[in-house]
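Student: Quick one: the structure is below, and I'll ask about it shortly.
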Amino acid sequence: MSTSTSSFNQQQYQLRDCTFLGGGFVSRGNNVDTRLFSTATPPTDNAALKELLTATPAHPNNNIPPHITERALMEPKLYQISPHPLYLIKKRIEDYFQVVGHNVNSDEGFVSMDSMAPIVTLEANFDSLLIPQDHVSRSPSDTYYINDEYLLRCHTSAHQVQLLKQGHRQFLCTGDVYRRDDIDRSHYPIFHQMEGVKVFDEDATEEQVLDDLKATLEGLAKHLFGAEAECRWVEEYFPFTDPSLELEVFFDGEWLEVLGCGVMRPEIVKNGLGKGDSDTLPRAWAFGLGLERLAMILFQIPDIRLFWSDDERFWKQFSEDMAMDGSATFQTYSKFPPVYKDVSFWLKKNENDVVTFHPNDLLDLVRGIAGDLAENVEMVDQFVNPKTTLESQCYRITYRSMDRSLTNEEIDELQENLRSKIGSALAEKVELR
């Protein structure tokens, strides 16, 4: 089911947490492409993946910085390493579905997949899930593209059709997923997600599927948060499920979003089952959750960068037999002071008089240069010059180490490197002030 190892010695890194529903795929539009696509199979062995990710020269559409490539090729994954908190959350969820999976009429129960390569086709990531052509998640400002055919998956839902085609009817799929995103204590462009799918007999009604979905996931919430956990359902919208719901749990005095789910669109299920021309209406449900989100709640981990730490003070706080009811919480071991630096620039316009700069362009540069030392980046000032009509933006970067005090000299050097990189990499988009 999963691979585990007792030690971890990787460079520090940063990530972002999101869920099946809350991870940028919420769209209120109804312009849905309902074509059924076959899903090509990208290379899966590490050598082929590395060749594709590091091809020289890079494809014109490639917007993946080196530090993201490095982590995409990292093995084992964090959720495969015991006793990492992501491993603990994943294992507890799998334990639950091993029990409920055999309480239904199924030959295999829930099968767990956790080694599927993060490179997928555009069809698998978007088209096979009926995500509209104009959806914001398709934009290069949101998604990491390798070329015009492959990308780093935005969600584990990208494997739904693939696994259905392989004959699986109940499965869990865990993987690292990638989105260009903010820099702060709860966001980063790499996070880890778990997907669950269950297919029903053709005579099942939508009401039966929805009732089973709610009962199963409320049971999961109580398995994670305690038998007395209070749950509630909130209606949502997702292109790939209808109806769509969010599950919230009342924990530590507030309602918290735990996961997203819904009844899968029949077009997707038909495609996966190879019944695109059939008049039958296959039923299935799906859910997705962010492992980091759950770990930060249950263990009270304050900063998402900590998941990539190799500091012994982090690792020694976790074990496979520790309680997960909120009583065993992470103890912060460092409170070092921050260092603040600002960078400002004018936004250039292209030949069509359009600004092409996106804040994620800057954030990728900051991550590539400062790594985990960048705790937060926020825009603190902006104005438009009335004479030139050019807009100025000023961003404040918060540098802070979780292990030591930083010196002004080392941060000055990082800041100078950042300004130099902005001047070269973003020369067509901005002009430094």
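Ligands are numbered from 1 in the order shown, residues from 1 within each chain, and chains are lettered A, B, ... in the order they appear in the structure tokens.
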Excluding Met379 of chain A and residues on its chain fewer than 6 positions from it, collect all residues at most 8 Å away from it, counting only C-alpha atoms, and give them as a ChimeraX atom specification.

Tutor: /A:393-396

Student: Output N, CA and C atoms of each residue in that selection to a file, as a PDB file, in the first residue's frame.

Tutor:
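As written to disk, again02.pdb reads:
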ATOM      1  N   GLN A 393       3.994  48.814  -8.117  1.00  0.00           N
ATOM      2  CA  GLN A 393       3.638  47.912  -7.028  1.00  0.00           C
ATOM      3  C   GLN A 393       4.842  47.695  -6.130  1.00  0.00           C
ATOM      4  N   CYS A 394       4.586  47.645  -4.834  1.00  0.00           N
ATOM      5  CA  CYS A 394       5.645  47.412  -3.856  1.00  0.00           C
ATOM      6  C   CYS A 394       5.276  46.175  -3.030  1.00  0.00           C
ATOM      7  N   TYR A 395       6.211  45.223  -2.937  1.00  0.00           N
ATOM      8  CA  TYR A 395       5.981  43.990  -2.196  1.00  0.00           C
ATOM      9  C   TYR A 395       6.932  43.912  -1.005  1.00  0.00           C
ATOM     10  N   ARG A 396       6.395  43.501   0.125  1.00  0.00           N
ATOM     11  CA  ARG A 396       7.205  43.314   1.336  1.00  0.00           C
ATOM     12  C   ARG A 396       7.453  41.827   1.542  1.00  0.00           C
TER      13      ARG A 396
END

Student: Could you give me, as a list in words, the residues within 12 Å of Met402 of chain A, counting only C-alpha atoms and dropping anything in the same chain fewer than 3 positions from it?

Tutor: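 Result of the neighbour search: Gln12, Arg185, Pro302, Asp303, Ile304, Arg305, Leu306, Phe307, Trp308, Ser309, Asp310, Asp311, Arg313, Phe314, Thr332, Tyr333, Ser334, Lys335, Phe336, Pro337, Pro338, Asp372, Leu373, Ala374, Glu375, Tyr399, Ser405 and Leu406 of chain A.
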
Student: Given only C-alpha atoms as the basis, pick out the residue of A:Ala48, A:Leu418, A:Met324, A:Leu363 nearest to Lys341 of chain A.

Tutor: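 Smallest distance to Lys341 of chain A is found for A:Leu418.
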
Student: Apply DSSP to the backbone of this structure and, from segment 150-293 of chain A, keep only the residues in strand (DSSP E); write these as number ranges by chain.

Tutor: A: 150-152, 170-178, 190-199, 230-238, 241-251, 254-264, 284-290

Student: Each residue of segment 180-236 of chain A with at least one atom at most 9 Å from segment 169-172 of chain A should appear once, together with its nearest atom pair and the corresponding distance in Å (one decimal); atoms considered: only C-alpha atoms; ordering: chain, then increasing residue number; output as JSON lines.

Tutor:
{"residue": "A:Met194", "atom": "CA", "partner": "A:Leu172", "partner_atom": "CA", "distance": 6.7}
{"residue": "A:Glu195", "atom": "CA", "partner": "A:Leu172", "partner_atom": "CA", "distance": 5.4}
{"residue": "A:Gly196", "atom": "CA", "partner": "A:Leu172", "partner_atom": "CA", "distance": 4.5}
{"residue": "A:Val197", "atom": "CA", "partner": "A:Phe171", "partner_atom": "CA", "distance": 5.5}
{"residue": "A:Lys198", "atom": "CA", "partner": "A:Gln170", "partner_atom": "CA", "distance": 4.5}
{"residue": "A:Val199", "atom": "CA", "partner": "A:Arg169", "partner_atom": "CA", "distance": 5.2}
{"residue": "A:Phe200", "atom": "CA", "partner": "A:Arg169", "partner_atom": "CA", "distance": 8.0}

Student: Skip Phe287 of chain A itself and residues of its chain fewer than 6 positions away, then list as a PyMOL selection string all residues within 10 Å of it, counting only C-alpha atoms.

Tutor: chain A and resi 19-21+157+172+194-198+213+217+241+244-247+259-264

Student: Quick check, in Å to one decimal: how far apart do atom CA of His59 of chain A and atom CA of Asn147 of chain A lie?

Tutor: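 Here the two named atoms are 5.5 Å from each other.
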
Student: Could you give me, as an MDAnalysis selection string, each residue of segment 302-433 of chain A that DSSP assigns to alpha helix (DSSP H) when run on this structure's backbone?

Tutor: chainID A and resid 312:315 359:370 408:425

Student: Might you pull out every residue within 9 Å of Asn61 of chain A, with only C-alpha atoms counted and same-chain residues fewer than 2 positions away left off, and present them as a JSON list (two decimals) with all heavy atoms, in the first residue's frame?

Tutor:
[["chain", "number", "residue", "atom", "x", "y", "z"],
["A", 58, "ALA", "N", 14.24, 24.06, -22.92],
["A", 58, "ALA", "CA", 12.91, 23.86, -22.40],
["A", 58, "ALA", "C", 11.87, 24.29, -23.42],
["A", 58, "ALA", "O", 12.09, 25.18, -24.24],
["A", 58, "ALA", "CB", 12.72, 24.65, -21.11],
["A", 59, "HIS", "N", 10.73, 23.63, -23.40],
["A", 59, "HIS", "CA", 9.63, 24.00, -24.29],
["A", 59, "HIS", "C", 9.20, 25.44, -23.98],
["A", 59, "HIS", "O", 9.25, 25.87, -22.83],
["A", 59, "HIS", "CB", 8.46, 23.04, -24.05],
["A", 59, "HIS", "CG", 7.36, 23.15, -25.06],
["A", 59, "HIS", "ND1", 6.36, 24.09, -24.97],
["A", 59, "HIS", "CD2", 7.11, 22.45, -26.19],
["A", 59, "HIS", "CE1", 5.53, 23.97, -25.99],
["A", 59, "HIS", "NE2", 5.96, 22.97, -26.75],
["A", 63, "ASN", "N", 7.04, 26.53, -17.61],
["A", 63, "ASN", "CA", 7.14, 27.59, -16.60],
["A", 63, "ASN", "C", 7.50, 27.01, -15.22],
["A", 63, "ASN", "O", 7.16, 27.59, -14.19],
["A", 63, "ASN", "CB", 5.83, 28.39, -16.51],
["A", 63, "ASN", "CG", 4.65, 27.54, -16.06],
["A", 63, "ASN", "OD1", 4.72, 26.31, -16.06],
["A", 63, "ASN", "ND2", 3.56, 28.18, -15.67],
["A", 140, "PRO", "N", -1.40, 29.65, -17.19],
["A", 140, "PRO", "CA", 0.00, 29.46, -16.78],
["A", 140, "PRO", "C", 0.34, 30.22, -15.50],
["A", 140, "PRO", "O", 1.35, 29.91, -14.86],
["A", 140, "PRO", "CB", 0.79, 30.00, -17.98],
["A", 140, "PRO", "CG", -0.13, 29.91, -19.13],
["A", 140, "PRO", "CD", -1.50, 30.18, -18.57],
["A", 145, "TYR", "N", 3.28, 24.11, -16.33],
["A", 145, "TYR", "CA", 3.27, 23.38, -17.59],
["A", 145, "TYR", "C", 4.67, 22.93, -17.98],
["A", 145, "TYR", "O", 5.64, 23.68, -17.82],
["A", 145, "TYR", "CB", 2.68, 24.25, -18.71],
["A", 145, "TYR", "CG", 1.20, 24.43, -18.63],
["A", 145, "TYR", "CD1", 0.63, 25.48, -17.92],
["A", 145, "TYR", "CD2", 0.34, 23.52, -19.25],
["A", 145, "TYR", "CE1", -0.74, 25.64, -17.84],
["A", 145, "TYR", "CE2", -1.04, 23.67, -19.18],
["A", 145, "TYR", "CZ", -1.57, 24.73, -18.47],
["A", 145, "TYR", "OH", -2.94, 24.88, -18.39],
["A", 146, "ILE", "N", 4.76, 21.71, -18.51],
["A", 146, "ILE", "CA", 6.02, 21.20, -19.05],
["A", 146, "ILE", "C", 6.11, 21.53, -20.53],
["A", 146, "ILE", "O", 7.15, 22.00, -21.02],
["A", 146, "ILE", "CB", 6.12, 19.68, -18.83],
["A", 146, "ILE", "CG1", 6.08, 19.36, -17.33],
["A", 146, "ILE", "CG2", 7.38, 19.11, -19.48],
["A", 146, "ILE", "CD1", 5.93, 17.89, -17.02],
["A", 147, "ASN", "N", 5.04, 21.28, -21.25],
["A", 147, "ASN", "CA", 4.94, 21.62, -22.68],
["A", 147, "ASN", "C", 3.46, 21.74, -23.00],
["A", 147, "ASN", "O", 2.65, 21.94, -22.10],
["A", 147, "ASN", "CB", 5.66, 20.57, -23.55],
["A", 147, "ASN", "CG", 5.23, 19.15, -23.21],
["A", 147, "ASN", "OD1", 4.05, 18.89, -22.93],
["A", 147, "ASN", "ND2", 6.17, 18.22, -23.23],
["A", 148, "ASP", "N", 3.10, 21.60, -24.26],
["A", 148, "ASP", "CA", 1.68, 21.77, -24.61],
["A", 148, "ASP", "C", 0.88, 20.49, -24.43],
["A", 148, "ASP", "O", -0.31, 20.46, -24.74],
["A", 148, "ASP", "CB", 1.53, 22.30, -26.03],
["A", 148, "ASP", "CG", 2.26, 21.45, -27.06],
["A", 148, "ASP", "OD1", 2.73, 20.35, -26.69],
["A", 148, "ASP", "OD2", 2.34, 21.86, -28.23]]

Student: For Pro359 of chain A, which residue among A:Arg180, A:Lys91, A:His187, A:Lys421 is the nearest when counting only C-alpha atoms?

Tutor: A:Arg180
